[in-house]
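Undergrad: query.txt (compact mmCIF, C-alpha atoms) pasted underneath:
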# COMPACT_ATOMS: atom_id res chain seq x y z
CA MET A 985 51.13 -5.65 102.81
CA ARG A 986 54.70 -4.95 103.94
CA ILE A 987 56.01 -1.40 104.13
CA GLY A 988 59.75 -0.98 104.64
CA ILE A 989 61.62 2.04 106.01
CA CYS A 990 65.35 2.29 105.29
CA ASP A 991 67.17 5.16 107.01
CA ASP A 992 70.48 5.20 108.86
CA GLU A 993 69.13 7.53 111.55
CA LYS A 994 67.27 5.62 114.26
CA GLU A 995 65.08 8.56 115.24
CA ILE A 996 63.94 9.07 111.64
CA ARG A 997 63.22 5.36 111.19
CA GLU A 998 61.10 5.24 114.31
CA MET A 999 59.32 8.51 113.51
CA LEU A 1000 58.38 7.26 110.05
CA ARG A 1001 57.39 3.88 111.49
CA ASP A 1002 54.95 5.54 113.89
CA LYS A 1003 53.45 7.73 111.17
CA VAL A 1004 53.04 4.85 108.71
CA GLN A 1005 51.62 2.57 111.39
CA ASN A 1006 49.10 5.24 112.29
CA LEU A 1007 48.05 5.63 108.64
CA TYR A 1008 48.03 1.89 107.84
CA PRO A 1009 47.50 -0.06 111.11
CA ILE A 1010 47.20 -3.46 109.37
CA ALA A 1011 50.48 -3.13 107.44
CA ASP A 1012 53.64 -4.93 108.54
CA ILE A 1013 56.38 -2.32 109.07
CA TRP A 1014 59.94 -3.48 108.44
CA LEU A 1015 62.93 -1.33 109.46
CA TYR A 1016 66.40 -1.29 107.89
CA ALA A 1017 69.36 0.71 109.20
CA SER A 1018 71.34 0.74 105.93
CA GLY A 1019 71.24 -0.15 102.27
CA GLU A 1020 73.49 -3.13 102.98
CA GLU A 1021 71.05 -4.46 105.57
CA LEU A 1022 68.14 -3.99 103.19
CA LEU A 1023 69.86 -5.90 100.38
CA ALA A 1024 70.72 -8.76 102.74
CA LYS A 1025 67.20 -9.29 104.11
CA GLU A 1026 63.72 -10.11 102.91
CA LEU A 1027 62.24 -7.18 101.02
CA PRO A 1028 58.94 -5.32 101.55
CA ASP A 1029 56.26 -4.48 98.99
CA ILE A 1030 56.61 -0.69 99.45
CA LEU A 1031 59.87 0.97 100.50
CA LEU A 1032 60.51 4.42 101.99
CA LEU A 1033 64.20 4.82 101.20
CA ASP A 1034 66.51 7.57 102.46
CA ILE A 1035 69.02 8.76 99.88
CA GLN A 1036 71.89 10.09 102.01
CA MET A 1037 73.09 7.19 104.17
CA GLN A 1038 76.43 5.92 105.44
CA GLY A 1039 77.76 3.18 103.19
CA LYS A 1040 75.51 2.57 100.19
CA SER A 1041 73.38 5.57 99.35
CA GLY A 1042 69.70 5.18 98.66
CA ILE A 1043 70.30 5.67 94.93
CA GLU A 1044 72.98 2.96 94.88
CA THR A 1045 70.74 0.64 96.87
CA ALA A 1046 67.81 1.22 94.52
CA LYS A 1047 69.99 0.55 91.46
CA GLU A 1048 71.15 -2.72 93.03
CA LEU A 1049 67.53 -3.72 93.69
CA ARG A 1050 66.64 -3.07 90.07
CA ARG A 1051 69.70 -5.00 88.83
CA MET A 1052 68.40 -7.91 90.92
CA GLY A 1053 65.06 -7.62 89.16
CA VAL A 1054 63.22 -6.58 92.32
CA GLN A 1055 60.06 -4.58 91.61
CA VAL A 1056 59.53 -3.16 95.11
CA ILE A 1057 57.69 0.18 94.99
CA ILE A 1058 60.25 2.81 95.98
CA VAL A 1059 59.50 6.19 97.56
CA PHE A 1060 62.68 8.24 98.15
CA VAL A 1061 62.83 10.31 101.33
CA THR A 1062 65.52 12.99 101.48
CA ALA A 1063 66.35 16.49 102.68
CA MET A 1064 67.79 17.47 99.27
CA GLU A 1065 66.20 17.87 95.85
CA ASP A 1066 69.45 17.30 93.90
CA TYR A 1067 68.77 13.61 93.23
CA VAL A 1068 65.28 13.89 91.80
CA PHE A 1069 66.33 13.04 88.24
CA GLN A 1070 68.31 10.00 89.39
CA ALA A 1071 65.14 8.78 91.07
CA PHE A 1072 63.51 8.40 87.66
CA ASP A 1073 66.35 6.09 86.56
CA VAL A 1074 65.25 3.46 89.10
CA ASP A 1075 61.51 3.89 88.50
CA ALA A 1076 60.83 5.46 91.88
CA LEU A 1077 57.18 6.22 92.51
CA HIS A 1078 57.78 9.50 94.35
CA TYR A 1079 60.40 11.77 95.87
CA LEU A 1080 59.49 13.11 99.34
CA VAL A 1081 61.56 16.11 100.43
CA LYS A 1082 61.94 16.64 104.19
CA PRO A 1083 60.25 18.16 106.00
CA PHE A 1084 56.87 16.97 104.69
CA SER A 1085 53.43 16.97 106.26
CA ASP A 1086 51.46 13.95 107.38
CA GLU A 1087 48.96 14.80 104.66
CA LYS A 1088 51.66 14.60 101.99
CA LEU A 1089 52.94 11.30 103.40
CA LEU A 1090 49.40 9.90 103.32
CA GLU A 1091 48.91 11.06 99.73
CA VAL A 1092 52.11 9.36 98.58
CA LEU A 1093 51.42 6.17 100.54
CA GLN A 1094 47.92 5.94 99.08
CA LYS A 1095 49.43 6.20 95.61
CA ALA A 1096 51.95 3.47 96.47
CA VAL A 1097 49.26 1.21 97.89
CA ARG A 1098 47.13 1.64 94.77
CA ARG A 1099 50.09 0.62 92.61
CA TYR A 1100 50.73 -2.38 94.88
CA GLU A 1101 47.08 -3.49 94.71
CA ASP A 1102 46.94 -3.02 90.92
CA ARG A 1103 50.09 -5.10 90.56
CA LYS A 1104 48.73 -7.88 92.80
CA GLU A 1105 45.48 -7.97 90.83
CA SER A 1106 47.38 -8.19 87.55
CA GLU A 1107 49.57 -11.00 88.90
CA SER A 1108 46.48 -12.84 90.13
CA ILE A 1109 44.82 -12.63 86.71
CA THR A 1110 47.99 -13.86 85.00
CA ALA A 1111 48.37 -16.73 87.47
CA LYS A 1112 44.75 -17.71 86.92
CA LYS A 1113 45.30 -17.85 83.17
CA ASP A 1114 48.42 -20.02 83.58
CA MET A 1115 46.86 -22.30 86.19
CA PRO A 1116 46.74 -26.03 85.27
CA SER A 1117 43.18 -27.02 84.47
CA LEU A 1118 41.02 -30.04 83.66
CA PHE A 1119 38.84 -30.09 80.55
CA ILE A 1120 35.62 -32.05 81.08
CA THR A 1121 32.70 -32.95 78.85
CA THR A 1122 29.52 -33.65 80.78
CA GLY A 1123 25.96 -33.75 79.49
CA GLY A 1124 27.09 -32.32 76.17
CA THR A 1125 28.66 -29.33 77.93
CA HIS A 1126 32.39 -28.58 77.92
CA ILE A 1127 33.72 -27.35 81.26
CA THR A 1128 37.17 -26.19 82.36
CA VAL A 1129 37.98 -26.72 86.03
CA ASN A 1130 41.14 -25.35 87.64
CA TYR A 1131 42.77 -28.01 89.81
CA GLU A 1132 43.25 -25.60 92.68
CA ASP A 1133 39.46 -25.05 92.81
CA ILE A 1134 38.75 -28.73 93.42
CA VAL A 1135 37.92 -29.35 97.09
CA TYR A 1136 37.74 -33.10 96.67
CA ALA A 1137 36.61 -35.69 94.15
CA GLU A 1138 34.88 -39.02 94.57
CA VAL A 1139 33.96 -41.91 92.31
CA PHE A 1140 30.43 -43.36 92.21
CA ASP A 1141 28.88 -45.75 89.70
CA ARG A 1142 31.62 -45.26 87.05
CA LYS A 1143 31.37 -41.49 87.40
CA VAL A 1144 33.82 -39.06 88.94
CA ILE A 1145 32.17 -36.29 90.93
CA ILE A 1146 34.27 -33.15 91.38
CA HIS A 1147 33.26 -30.92 94.27
CA THR A 1148 34.26 -27.26 94.20
CA MET A 1149 33.08 -24.62 96.65
CA ASP A 1150 30.46 -23.52 94.11
CA SER A 1151 29.35 -26.64 92.29
CA ASP A 1152 29.42 -30.43 91.88
CA ILE A 1153 30.43 -31.72 88.45
CA GLU A 1154 29.91 -35.31 87.27
CA TYR A 1155 31.62 -36.97 84.34
CA TYR A 1156 32.52 -40.45 83.18
CA GLY A 1157 36.14 -41.17 83.96
CA LYS A 1158 38.65 -42.75 86.33
CA LEU A 1159 39.72 -41.24 89.64
CA LYS A 1160 43.24 -42.58 89.02
CA ASP A 1161 43.56 -40.41 85.90
CA LEU A 1162 42.47 -37.33 87.86
CA GLU A 1163 44.91 -38.20 90.68
CA GLU A 1164 47.84 -38.38 88.25
CA LYS A 1165 46.97 -35.05 86.63
CA ALA A 1166 46.16 -33.14 89.83
CA GLY A 1167 49.68 -33.40 91.26
CA GLU A 1168 51.26 -33.33 94.71
CA GLY A 1169 48.71 -30.97 96.24
CA PHE A 1170 46.25 -33.85 96.28
CA TYR A 1171 46.08 -37.20 98.07
CA ARG A 1172 43.98 -40.34 97.66
CA PRO A 1173 43.14 -41.47 101.23
CA HIS A 1174 40.56 -44.00 100.04
CA ARG A 1175 39.97 -45.76 96.73
CA ALA A 1176 36.81 -43.69 96.24
CA TYR A 1177 38.18 -40.26 97.24
CA LEU A 1178 40.80 -37.72 96.19
CA VAL A 1179 41.28 -34.67 98.43
CA ASN A 1180 42.93 -31.28 97.95
CA PHE A 1181 45.25 -30.60 100.91
CA ASN A 1182 44.47 -26.90 100.72
CA PHE A 1183 40.81 -27.38 101.71
CA ILE A 1184 41.29 -29.71 104.69
CA ARG A 1185 39.88 -28.42 108.00
CA LYS A 1186 40.56 -31.45 110.21
CA TYR A 1187 40.95 -35.21 110.01
CA ASN A 1188 41.12 -38.43 112.00
CA ALA A 1189 41.83 -42.07 111.22
CA THR A 1190 38.49 -42.57 109.45
CA THR A 1191 37.36 -39.21 108.04
CA ILE A 1192 38.77 -36.07 106.43
CA TYR A 1193 36.62 -32.98 106.95
CA MET A 1194 36.92 -30.53 104.09
CA GLU A 1195 35.78 -26.91 103.89
CA LYS A 1196 32.89 -28.39 101.94
CA GLY A 1197 31.91 -32.01 102.56
CA GLN A 1198 34.03 -34.87 103.82
CA ALA A 1199 35.99 -37.86 102.53
CA LEU A 1200 36.64 -41.33 103.90
CA MET A 1201 40.07 -42.45 105.12
CA ALA A 1202 41.19 -46.03 104.55
CA LYS A 1203 42.99 -47.40 107.61
CA GLN A 1204 46.03 -48.54 105.61
CA ASN A 1205 46.43 -45.07 104.05
CA TYR A 1206 46.33 -43.03 107.26
CA GLN A 1207 50.07 -42.85 108.01
CA GLY A 1208 50.95 -42.05 104.40
CA PHE A 1209 48.31 -39.33 104.35
CA VAL A 1210 49.64 -37.70 107.54
CA LYS A 1211 53.22 -37.66 106.24
CA SER A 1212 52.18 -36.19 102.88
CA TYR A 1213 49.96 -33.57 104.52
CA LEU A 1214 52.77 -32.47 106.86
CA ARG A 1215 55.19 -32.17 103.92
CA TYR A 1216 52.61 -30.11 102.03
CA ASN A 1217 52.21 -27.73 104.97
CA GLN A 1218 55.98 -27.37 105.30
CA ARG A 1219 56.25 -26.44 101.61
CA LYS A 1220 53.52 -23.86 102.06
CA GLY A 1221 55.08 -22.48 105.26
CA LYS A 1222 52.04 -23.36 107.37
Kindly present the structure from the file in structure tokens form.
TA:
Amino acid sequence: MRIGICDDEKEIREMLRDKVQNLYPIADIWLYASGEELLAKELPDILLLDIQMQGKSGIETAKELRRMGVQVIIVFVTAMEDYVFQAFDVDALHYLVKPFSDEKLLEVLQKAVRRYEDRKESESITAKKDMPSLFITTGGTHITVNYEDIVYAEVFDRKVIIHTMDSDIEYYGKLKDLEEKAGEGFYRPHRAYLVNFNFIRKYNATTIYMEKGQALMAKQNYQGFVKSYLRYNQRKGK
């Protein structure tokens, strides 16, 4: 979770940073000295935003964020109450009037964190629904398997065996068909195996060790595997 503090007074920024860090030690605290700096940089999940600043005011900055479609959770921090109604126009969560107690800051931050966690949970559920999946019929039972849940797959005696962290699913099919559907997050290091890059723990020229189980590496596929795995990690920022 990233909590941003935007205030043009250095002492206020650092004071708020220390208070927030004390209340939420595991949060990443990002500081911005102006609205212009905030708009030019990567944005946090929760933002404590001063209203009266040199250059762009906090209200102007918040309006620009909303015009950009950014849904950062905004908490205005100000010494004046005159802007409270404008805060509603940009869907601000709260309006903290200086001076405020540590208890009030904690109360507002807890409310912001709850909204952040609710939003993340909702996004996760939506992503899960939209996730590409494989529809399998095995033993008269119809099963849907999300591709991202597949650790690796192998072929044995005309059957494909899909290994997830929770189960092993067998069905009659071709590994080549699964490879084509699974996409670029997967690689076929051996004619009998298809691995999900996301579950790899380590590898060498003969074996890929997954978070569950292991897969064989064909000698002629090793260099291609390494290049593809490095590209995958670069895309994921690993």
Undergrad: In Å, rounded to a single decimal, give me how far atom CA of A:Leu1031 is from atom CA of A:Val1056.
TA: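 Calculated distance between atom CA of A:Val1056 and atom CA of A:Leu1031 is 6.8 Å.
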Undergrad: For the point (41.8, -33.9, 107.1) in the file's frame, write as JSON, numbers by chain all residues with an atom no more than 9 Å away, counting all atoms listed in the file.
TA: {"A": [1179, 1181, 1183, 1184, 1185, 1186, 1187, 1188, 1191, 1192, 1193, 1194, 1198, 1199, 1201, 1209, 1210, 1213]}
Undergrad: Between A:Gly1208, A:Ile987, A:Asp1034, A:Asp1075, single out the one closest to A:Lys1047, counting all atoms listed in the file.
TA: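 Nearest to A:Lys1047: A:Asp1075.
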Undergrad: Can you pull out every residue within 8 Å of A:Lys1203, counting all atoms listed in the file, but drop anything in the same chain fewer than 3 positions away, and send it as a PyMOL selection string?
TA: chain A and resi 1189-1190+1206
Undergrad: Please measure the separation of atom CA of A:Tyr1155 and atom CA of A:Thr1125, giving the value in Å to one decimal.
TA: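 Separation between atom CA of A:Tyr1155 and atom CA of A:Thr1125: 10.4 Å.
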Undergrad: Within 10 Å of (43.6, -29.2, 79.4) (coordinates as in the file), grab all the protein and nucleic acid residues, counting all atoms listed in the file, and write them out as a PyMOL selection string.
TA: chain A and resi 1116-1120+1128-1130+1165
Undergrad: Of the candidates A:Glu1020, A:Ile1010, A:His1078, A:Glu993, which shows the shortest atom-to-atom distance to A:Gln1036, using only C-alpha atoms?
TA: A:Glu993
Undergrad: If you measure from atom CA of A:Val1139 to atom CA of A:Leu1178, what distance in Å do you get, rounded to one decimal?
TA: 8.9 Å
Undergrad: Rank nothing, just name the residue among A:Gln1055, A:Arg1001, A:Glu1065, A:Ile1145 nearest to A:Leu1077, using only C-alpha atoms.
TA: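 Distance minimum relative to A:Leu1077 lands on A:Gln1055.
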Undergrad: Return the single residue from A:Thr1148, A:Arg986, A:Asp991, A:Ile996 that is closest to A:Leu1027, with distances computed using only C-alpha atoms.
TA: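 Using only C-alpha atoms, the shortest distance to A:Leu1027 belongs to A:Arg986.
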Undergrad: Which residue gives the smallest distance to A:Gln1094 among A:Thr1121, A:Tyr1216, A:Gly1157, A:Ile1030, with all atoms listed in the file counted?
TA: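 Answer, going by the shortest atom-to-atom distance: A:Ile1030.
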Undergrad: My list of candidates is A:Gln1204, A:Gln1038, A:Asp992, A:Lys1003. Which is closest to A:Tyr1016 when distances are computed with all atoms listed in the file?
TA: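 Under the stated criterion, the closest residue is A:Asp992.
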Undergrad: Which residues are close to A:Trp1014, i.e. within 12 Å by all atoms listed in the file, leaving aside same-chain residues fewer than 2 positions away? Reply as a list in words.
TA: Met985, Arg986, Ile987, Gly988, Ile989, Cys990, Asp991, Arg997, Glu998, Leu1000, Arg1001, Asp1002, Val1004, Gln1005, Ala1011, Asp1012, Tyr1016, Ala1017, Glu1021, Leu1022, Lys1025, Glu1026, Leu1027, Pro1028, Asp1029, Ile1030, Leu1031, Leu1032 and Leu1033 of chain A
